[in-house]
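Novice: Pasting final10.txt here (compact mmCIF, C-alpha atoms):
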```
# COMPACT_ATOMS: atom_id res chain seq x y z
CA MET A 578 51.91 135.60 67.56
CA ALA A 579 52.24 132.96 64.88
CA SER A 580 49.13 131.90 62.97
CA PRO A 581 48.22 128.22 62.74
CA PRO A 582 49.16 126.32 59.58
CA ALA A 583 46.94 126.90 56.56
CA ASP A 584 45.44 123.39 56.56
CA ASP A 585 44.11 123.76 60.15
CA GLN A 586 42.46 127.17 59.70
CA GLY A 587 39.25 125.87 58.12
CA SER A 588 38.62 122.98 60.51
CA PRO A 589 37.46 123.48 64.07
CA ALA A 590 39.74 122.30 66.82
CA PRO A 591 38.80 118.79 68.02
CA ALA A 592 36.98 118.96 71.32
CA ARG A 593 38.88 117.11 74.01
CA ARG A 594 36.72 115.25 76.47
CA GLU A 595 37.37 116.13 80.03
CA ARG A 596 37.81 113.34 82.50
CA PRO A 597 34.99 112.95 85.06
CA SER A 598 35.93 113.84 88.60
CA ARG A 599 37.53 111.17 90.75
CA LEU A 600 34.54 111.32 93.12
CA ILE A 601 32.11 110.48 90.31
CA ASP A 602 34.39 107.69 89.14
CA VAL A 603 34.57 106.13 92.62
CA GLY A 604 30.82 106.60 93.18
CA VAL A 605 29.92 104.87 89.92
CA ALA A 606 32.47 102.14 90.68
CA LEU A 607 30.88 101.50 94.09
CA LEU A 608 27.38 101.33 92.63
CA LEU A 609 28.52 98.93 89.94
CA LEU A 610 30.46 96.89 92.50
CA VAL A 611 27.28 96.33 94.53
CA ALA A 612 25.27 95.45 91.41
CA ASP A 613 28.02 93.15 90.14
CA ALA A 614 28.27 91.39 93.50
CA ILE A 615 24.52 90.73 93.50
CA ILE A 616 24.71 89.34 89.95
CA VAL A 617 27.64 87.06 90.81
CA VAL A 618 26.00 85.74 93.99
CA VAL A 619 22.70 85.03 92.20
CA ALA A 620 24.51 83.32 89.30
CA ALA A 621 26.57 81.18 91.68
CA LEU A 622 23.49 80.18 93.70
CA LEU A 623 21.65 79.27 90.50
CA LEU A 624 24.65 77.26 89.37
CA VAL A 625 24.61 75.26 92.60
CA ALA A 626 20.82 74.86 92.61
CA VAL A 627 20.62 73.73 88.98
CA GLY A 628 23.64 71.48 89.42
CA LEU A 629 22.18 69.79 92.48
CA GLY A 630 18.76 69.53 90.89
CA SER A 631 20.07 67.82 87.79
CA ALA A 632 22.40 65.44 89.61
CA PRO A 633 21.10 61.85 89.74
CA SER A 634 20.47 60.43 93.16
CA PRO A 635 22.67 57.47 94.09
CA ASP A 636 19.64 55.22 94.80
CA SER A 637 17.78 55.73 91.53
CA PRO A 638 18.66 53.88 88.33
CA ARG A 639 20.26 55.90 85.62
CA ARG A 640 17.60 57.46 83.43
CA VAL A 641 18.07 58.78 79.95
CA HIS A 642 16.87 62.29 79.35
CA SER A 643 17.44 64.97 76.76
CA ARG A 644 20.20 67.49 77.44
CA ASP A 645 19.18 69.98 74.78
CA THR A 646 19.91 73.47 76.06
CA PRO A 647 17.93 76.29 74.47
CA VAL A 648 19.81 78.92 72.50
CA LEU A 649 18.42 81.60 74.82
CA ALA A 650 20.20 79.97 77.76
CA TRP A 651 23.51 80.03 75.90
CA LEU A 652 22.93 83.68 75.00
CA ALA A 653 22.29 84.50 78.65
CA ILE A 654 25.30 82.52 79.87
CA TRP A 655 27.78 84.03 77.42
CA GLY A 656 25.99 87.36 76.89
CA VAL A 657 26.66 88.63 80.42
CA PRO A 658 30.48 88.44 80.08
CA VAL A 659 30.27 90.13 76.68
CA VAL A 660 28.15 92.96 78.07
CA ALA A 661 30.51 93.29 81.04
CA ALA A 662 33.50 93.53 78.68
CA VAL A 663 31.76 96.22 76.65
CA GLY A 664 31.03 98.09 79.89
CA ALA A 665 34.69 97.90 80.91
CA PHE A 666 35.73 99.20 77.50
CA VAL A 667 33.24 102.07 77.61
CA HIS A 668 34.33 103.14 81.07
CA ALA A 669 37.96 103.02 79.99
CA ARG A 670 37.11 105.23 77.00
CA LEU A 671 35.27 107.61 79.33
CA ARG A 672 38.53 107.87 81.28
CA MET A 673 37.09 106.41 84.47
CA PRO A 674 39.93 104.13 85.59
CA VAL A 675 38.45 102.91 88.89
CA THR A 676 35.16 101.96 87.26
CA ALA A 677 36.97 100.33 84.33
CA VAL A 678 38.99 98.15 86.74
CA VAL A 679 35.84 97.12 88.65
CA GLN A 680 34.10 96.22 85.40
CA GLY A 681 37.20 94.39 84.15
CA LEU A 682 37.25 92.22 87.28
CA PHE A 683 33.52 91.61 86.88
CA THR A 684 34.17 90.51 83.29
CA LEU A 685 36.77 88.03 84.54
CA VAL A 686 34.41 86.59 87.17
CA CYS A 687 31.57 86.39 84.64
CA GLY A 688 33.83 84.54 82.24
CA LEU A 689 34.73 82.01 84.92
CA LEU A 690 31.06 81.56 85.82
CA ALA A 691 30.17 81.13 82.13
CA VAL A 692 32.78 78.39 81.82
CA ALA A 693 31.39 76.68 84.94
CA TRP A 694 27.81 76.91 83.60
CA THR A 695 28.94 75.54 80.24
CA ARG A 696 30.74 72.61 81.85
CA MET A 697 27.69 71.84 83.98
CA LEU A 698 25.27 71.99 81.06
CA LEU A 699 27.45 69.84 78.84
CA SER A 700 28.13 67.17 81.45
```
As structure tokens, what does this structure read like?
Specialist:
Amino acid sequence: MASPPADDQGSPAPARRERPSRLIDVGVALLLLVADAIIVVVAALLLVAVGLGSAPSPDSPRRVHSRDTPVLAWLAIWGVPVVAAVGAFVHARLRMPVTAVVQGLFTLVCGLLAVAWTRMLLS
């Protein structure tokens, strides 16, 4: 039996992470899918409610009001897609492909909702 090269004898072999079972991957993906669906539905309902609440009525004269949006609102609007993207990356690194795909799609939907919120707040 041949001995390993001299430069590898002193260092321990790198531990290779094992991939979680497919059942765990699908279970986590389903849990995240339900949570993501709830988040998307709530965000869409809030978008409609805030949009309708801020729309001027056709009978009233146009009133001037401040459209300053707090920084915290912008952090919430754009923070959710960033956190979703980090989650997709982490699940991909954990070698959970089904969960990574679910989180990637959630990131895409959150990005679209963030653009819609931004357009509504800036209009």
Novice: Of the candidates A:Val679, A:Ala620, A:Ala626, A:Phe666, which one gets nearest to Val605 in chain A if we count all atoms listed in the file?
Specialist: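 Once distances to Val605 in chain A are computed over all atoms listed in the file, the minimum belongs to A:Val679.
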Novice: Under the rule that only C-alpha atoms are counted, which of A:Thr646, A:Leu622, A:Ala606, A:Pro597 is the nearest residue to Val675 in chain A?
Specialist: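 The answer is A:Ala606, which sits nearest to Val675 in chain A.
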Novice: Could you give me, as a list in words, the residues within 10 Å of Ser598 in chain A, counting all atoms listed in the file and dropping anything in the same chain fewer than 5 positions from it?
Specialist: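 Skipping anything fewer than 5 positions along the chain leaves Val603, Gly604, Arg672 and Met673 of chain A.
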Novice: So how far away is CA of Ser700 in chain A from CA of Gly628 in chain A, in Å?
Specialist: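 Computed distance, CA of Gly628 in chain A to CA of Ser700 in chain A, equals 10.1 Å.
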Novice: If you measure from CA of Ala677 in chain A to CA of Arg696 in chain A, what distance in Å do you get, rounded to one decimal?
Specialist: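 Between CA of Ala677 in chain A and CA of Arg696 in chain A the gap is 28.5 Å.
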Novice: Which polymer residues have any atom within 12 Å of an atom of Val686 in chain A, counting all atoms listed in the file, with same-chain residues fewer than 5 positions away left out, as a list in words?
Specialist: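 Result of the neighbour search: Asp613, Ala614, Ile616, Val617, Val618, Ala620, Ala621, Val657, Pro658, Val659, Ala661, Ala662, Val679, Gln680, Gly681, Ala691, Val692 and Ala693 of chain A.
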Novice: Using all atoms listed in the file, can you tell me which of A:Leu671, A:Val663, A:Leu629, A:Ala653 comes closest to Phe683 in chain A?
Specialist: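 Closest to Phe683 in chain A, using all atoms listed in the file: A:Val663.
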Novice: What gap, in Å, lies between CA of Trp651 in chain A and CA of Thr695 in chain A?
Specialist: 8.3 Å
Novice: Have a look at A:Arg670, A:Leu685, A:Val625, A:Gly664 and name the one nearest to Glu595 in chain A; count all atoms listed in the file.
Specialist: A:Arg670
Novice: Please determine, counting all atoms listed in the file, which residue among A:Leu698, A:Leu624, A:Leu610, A:Val619 has the shortest atom-to-atom distance to Thr684 in chain A.
Specialist: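 So, comparing all the options, the nearest one is A:Leu610.
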Novice: Hey, which of A:Val627, A:Arg596, A:Leu609, A:Leu699 ends up closest to Asp645 in chain A? Count only C-alpha atoms.
Specialist: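 Closest residue, counting only C-alpha atoms: A:Leu699.
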